[in-house]
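**Student:** If it helps, the file is called query-v3.tsv and holds TSV, C-alpha atoms:
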```
chain	number	residue	atom	x	y	z
A	2	MET	CA	-66.92	-18.51	-42.91
A	3	LYS	CA	-68.88	-21.27	-41.20
A	4	ARG	CA	-66.23	-23.79	-42.18
A	5	LEU	CA	-63.49	-21.63	-40.61
A	6	LEU	CA	-65.48	-21.43	-37.38
A	7	VAL	CA	-65.88	-25.23	-37.25
A	8	ILE	CA	-62.16	-25.81	-37.91
A	9	SER	CA	-61.19	-23.23	-35.26
A	10	THR	CA	-63.52	-24.85	-32.73
A	11	ILE	CA	-62.08	-28.31	-33.39
A	12	ILE	CA	-58.51	-27.04	-33.03
A	13	ALA	CA	-59.36	-25.25	-29.78
A	14	MET	CA	-61.01	-28.38	-28.38
A	15	MET	CA	-57.97	-30.50	-29.26
A	16	LEU	CA	-55.62	-28.03	-27.57
A	17	LEU	CA	-57.74	-27.90	-24.43
A	18	ALA	CA	-58.02	-31.70	-24.27
A	19	GLY	CA	-54.23	-32.00	-24.46
A	20	CYS	CA	-53.74	-29.60	-21.55
A	21	GLY	CA	-55.90	-31.55	-19.13
A	22	ASN	CA	-54.06	-34.88	-19.15
A	23	LYS	CA	-50.41	-33.92	-18.86
A	24	GLU	CA	-48.10	-36.87	-18.29
A	25	TYR	CA	-44.92	-36.43	-16.30
A	26	LYS	CA	-42.36	-39.04	-17.25
A	27	PRO	CA	-39.01	-39.83	-15.68
A	28	LYS	CA	-35.87	-39.10	-17.66
A	29	GLU	CA	-32.77	-41.22	-17.97
A	30	VAL	CA	-30.30	-40.46	-15.19
A	31	SER	CA	-26.60	-40.22	-15.99
A	32	ALA	CA	-23.92	-41.24	-13.49
A	33	GLU	CA	-21.49	-39.02	-15.39
A	34	THR	CA	-23.43	-35.75	-15.22
A	35	ASP	CA	-26.31	-35.96	-12.71
A	36	VAL	CA	-25.80	-34.90	-9.12
A	37	CYS	CA	-28.18	-35.22	-6.18
A	38	GLU	CA	-29.98	-31.97	-5.46
A	39	ILE	CA	-29.68	-32.43	-1.67
A	40	CYS	CA	-26.29	-34.01	-0.93
A	41	ASN	CA	-24.45	-33.06	-4.16
A	42	MET	CA	-23.18	-36.59	-4.68
A	43	THR	CA	-23.14	-38.20	-8.11
A	44	ILE	CA	-25.81	-40.78	-8.83
A	45	SER	CA	-23.41	-43.70	-8.70
A	46	HIS	CA	-25.96	-46.30	-7.53
A	47	MET	CA	-28.62	-46.05	-10.23
A	48	ASP	CA	-30.83	-48.66	-8.59
A	49	TYR	CA	-31.56	-46.21	-5.72
A	50	ALA	CA	-32.01	-43.08	-7.85
A	51	GLY	CA	-35.02	-40.82	-7.55
A	52	GLN	CA	-36.30	-37.84	-9.45
A	53	ILE	CA	-38.91	-35.14	-9.41
A	54	VAL	CA	-40.61	-33.96	-12.59
A	55	PHE	CA	-42.03	-30.48	-12.17
A	56	LYS	CA	-45.18	-29.20	-13.85
A	57	ASN	CA	-42.97	-27.16	-16.19
A	58	ASN	CA	-41.12	-30.43	-17.12
A	59	ASP	CA	-37.88	-29.53	-15.34
A	60	HIS	CA	-36.28	-32.45	-13.48
A	61	LEU	CA	-34.27	-32.80	-10.28
A	62	VAL	CA	-32.43	-36.01	-9.46
A	63	PHE	CA	-31.57	-37.60	-6.12
A	64	ASP	CA	-29.27	-40.44	-5.12
A	65	ASP	CA	-31.54	-41.79	-2.37
A	66	LEU	CA	-35.25	-41.74	-1.52
A	67	GLY	CA	-34.40	-39.87	1.69
A	68	CYS	CA	-32.87	-36.99	-0.28
A	69	LEU	CA	-35.93	-36.83	-2.55
A	70	MET	CA	-38.27	-36.75	0.44
A	71	GLU	CA	-36.21	-34.10	2.23
A	72	TYR	CA	-36.68	-31.92	-0.86
A	73	VAL	CA	-40.45	-32.57	-0.97
A	74	ILE	CA	-40.89	-31.85	2.75
A	75	ALA	CA	-38.84	-28.64	2.56
A	76	ASN	CA	-40.39	-27.30	-0.67
A	77	GLY	CA	-43.90	-28.73	-0.82
A	78	GLU	CA	-45.65	-30.49	-3.67
A	79	SER	CA	-47.48	-27.63	-5.41
A	80	GLU	CA	-45.06	-27.42	-8.38
A	81	ILE	CA	-44.38	-31.16	-8.62
A	82	GLY	CA	-46.03	-33.04	-11.48
A	83	ALA	CA	-44.73	-36.44	-10.37
A	84	ALA	CA	-41.88	-38.03	-8.45
A	85	TYR	CA	-40.22	-41.36	-9.14
A	86	ILE	CA	-37.96	-43.82	-7.35
A	87	LYS	CA	-36.37	-47.06	-8.54
A	88	ASP	CA	-38.13	-50.29	-7.57
A	89	GLU	CA	-35.85	-52.44	-5.42
A	90	SER	CA	-36.95	-55.64	-7.18
A	91	THR	CA	-37.06	-54.60	-10.84
A	92	ASN	CA	-34.97	-51.41	-11.02
A	93	GLU	CA	-37.88	-49.78	-12.92
A	94	TRP	CA	-39.17	-46.28	-12.21
A	95	ILE	CA	-42.25	-46.21	-9.96
A	96	ASN	CA	-44.32	-43.27	-8.80
A	97	VAL	CA	-43.44	-42.46	-5.17
A	98	LYS	CA	-47.11	-42.03	-4.26
A	99	GLU	CA	-47.99	-45.52	-5.51
A	100	ALA	CA	-45.01	-47.40	-4.06
A	101	VAL	CA	-44.84	-49.50	-0.91
A	102	TYR	CA	-41.80	-49.00	1.33
A	103	ILE	CA	-39.82	-50.86	3.95
A	104	TYR	CA	-37.60	-49.20	6.53
A	105	GLU	CA	-34.91	-51.05	8.39
A	106	ALA	CA	-31.83	-49.31	9.80
A	107	ASN	CA	-29.59	-52.08	8.47
A	108	TYR	CA	-30.87	-51.92	4.87
A	109	TRP	CA	-28.17	-50.30	2.78
A	110	THR	CA	-28.99	-47.24	0.66
A	111	PRO	CA	-26.52	-44.67	-0.71
A	112	MET	CA	-27.13	-42.16	2.09
A	113	ASN	CA	-27.99	-44.76	4.76
A	114	TYR	CA	-31.63	-43.77	5.08
A	115	GLY	CA	-32.58	-47.46	5.03
A	116	VAL	CA	-35.87	-47.07	3.11
A	117	LEU	CA	-36.46	-49.29	0.08
A	118	ALA	CA	-39.22	-48.85	-2.52
A	119	PHE	CA	-41.34	-51.54	-4.18
A	120	ALA	CA	-44.10	-51.42	-6.78
A	121	SER	CA	-46.36	-53.90	-4.97
A	122	GLN	CA	-47.15	-55.46	-1.63
A	123	GLU	CA	-46.22	-58.86	-3.09
A	124	SER	CA	-42.71	-57.59	-3.82
A	125	VAL	CA	-42.41	-56.26	-0.27
A	126	ASP	CA	-43.51	-59.59	1.18
A	127	ALA	CA	-41.04	-61.53	-0.98
A	128	TYR	CA	-38.18	-59.19	-0.05
A	129	MET	CA	-38.96	-59.36	3.66
A	130	ASN	CA	-39.22	-63.17	3.56
A	131	GLU	CA	-35.75	-63.34	2.03
A	132	ASN	CA	-33.99	-60.47	3.84
A	133	GLY	CA	-35.65	-60.11	7.21
A	134	GLN	CA	-38.14	-57.80	8.75
A	135	GLY	CA	-38.64	-54.09	8.45
A	136	LYS	CA	-41.29	-51.49	9.05
A	137	GLN	CA	-43.69	-51.10	6.12
A	138	LEU	CA	-44.54	-47.56	5.06
A	139	LYS	CA	-46.80	-45.80	2.55
A	140	TYR	CA	-46.11	-42.45	0.88
A	141	ASP	CA	-47.99	-40.47	3.54
A	142	ASP	CA	-45.76	-42.06	6.20
A	143	LEU	CA	-42.69	-40.71	4.39
A	144	LEU	CA	-43.93	-37.14	4.88
A	145	THR	CA	-43.66	-37.54	8.67
A	146	PHE	CA	-40.84	-40.10	8.77
A	147	GLU	CA	-37.82	-39.13	10.84
A	148	TRP	CA	-35.47	-38.55	7.91
A	149	GLY	CA	-31.83	-38.21	8.69
A	150	ILE	CA	-28.92	-40.40	7.88
A	151	HIS	CA	-29.13	-43.58	9.92
A	152	THR	CA	-26.17	-45.57	11.09
A	153	HIS	CA	-25.86	-49.28	10.51
A	154	GLU	CA	-25.68	-51.30	13.70
```
As a first step, turn the structure in this file into structure tokens.

**Tutor:**
Amino acid sequence: MKRLLVISTIIAMMLLAGCGNKEYKPKEVSAETDVCEICNMTISHMDYAGQIVFKNNDHLVFDDLGCLMEYVIANGESEIGAAYIKDESTNEWINVKEAVYIYEANYWTPMNYGVLAFASQESVDAYMNENGQGKQLKYDDLLTFEWGIHTHE
């Protein structure tokens, strides 16, 4: 009986430990089947794709950071486990809360929001040195940014 109690306790501890550190990972996005939740366009430019992973492991995909942020602003973050955007320099998924951003009206993005995401400040600096200036933003700035499709001058 004592042995059964010890085994049950160990199993319960393992289950509880697994619940506390849930990882939310991005999924592969398909240009053939995935459609942006906000604008209903296909994800034809994979290097600008974004996605939200909910706490229940459902995913929503977006074709532009602006669409992703419009969803977050309209629906809140309480059910979101993590959100990801493609890094402009490496095309790798990066967490939107950890990224560094640049806004410039003339930067091309699929929905003309003009906001690019980078994994590091060094990547931002290198991009700006090569492509011109822009306004640097952090995640909190995106929550109050004046989203809306911008026109190229």

**Student:** Can you pull out every residue within 8 Å of region 74-82 of chain A, counting all atoms listed in the file, but drop anything in the same chain fewer than 2 positions away, and send it as JSON, numbers by chain?

**Tutor:** {"A": [25, 53, 54, 55, 56, 58, 70, 71, 72, 84, 144]}

**Student:** Within 10 Å of Glu38 (chain A), counting only C-alpha atoms, which residues qualify if same-chain residues fewer than 3 places away don't, as a count of residues only?

**Tutor:** 12

**Student:** Go ahead and compute the interatomic distance for CA of Asn113 (chain A) and CA of Glu99 (chain A), in Å to one decimal.

**Tutor:** 22.5 Å

**Student:** Closest to Trp148 (chain A) among A:Leu66, A:Val30, A:Ile86, A:Cys40, using all atoms listed in the file?

**Tutor:**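 The shortest atom-to-atom distance to Trp148 (chain A) comes from A:Leu66.
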
**Student:** CA of Ala118 (chain A) to CA of Trp94 (chain A): how many Å, to one decimal?

**Tutor:**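 Pair CA of Ala118 (chain A) / CA of Trp94 (chain A) returns 10.0 Å.
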
**Student:** Quick one: residues within 9 Å of Lys87 (chain A), all atoms listed in the file, excluding same-chain residues fewer than 4 positions away - as a PyMOL selection string?

**Tutor:** chain A and resi 47-51+66+91-96+117-119

**Student:** Would you write out those residues with C-alpha atoms, as a PDB file, in the frame of the given file?

**Tutor:**
```pdb
ATOM      1  CA  MET A  47     -28.620 -46.050 -10.230  1.00  0.00           C
ATOM      2  CA  ASP A  48     -30.830 -48.660  -8.590  1.00  0.00           C
ATOM      3  CA  TYR A  49     -31.560 -46.210  -5.720  1.00  0.00           C
ATOM      4  CA  ALA A  50     -32.010 -43.080  -7.850  1.00  0.00           C
ATOM      5  CA  GLY A  51     -35.020 -40.820  -7.550  1.00  0.00           C
ATOM      6  CA  LEU A  66     -35.250 -41.740  -1.520  1.00  0.00           C
ATOM      7  CA  THR A  91     -37.060 -54.600 -10.840  1.00  0.00           C
ATOM      8  CA  ASN A  92     -34.970 -51.410 -11.020  1.00  0.00           C
ATOM      9  CA  GLU A  93     -37.880 -49.780 -12.920  1.00  0.00           C
ATOM     10  CA  TRP A  94     -39.170 -46.280 -12.210  1.00  0.00           C
ATOM     11  CA  ILE A  95     -42.250 -46.210  -9.960  1.00  0.00           C
ATOM     12  CA  ASN A  96     -44.320 -43.270  -8.800  1.00  0.00           C
ATOM     13  CA  LEU A 117     -36.460 -49.290   0.080  1.00  0.00           C
ATOM     14  CA  ALA A 118     -39.220 -48.850  -2.520  1.00  0.00           C
ATOM     15  CA  PHE A 119     -41.340 -51.540  -4.180  1.00  0.00           C
TER      16      PHE A 119
END
```
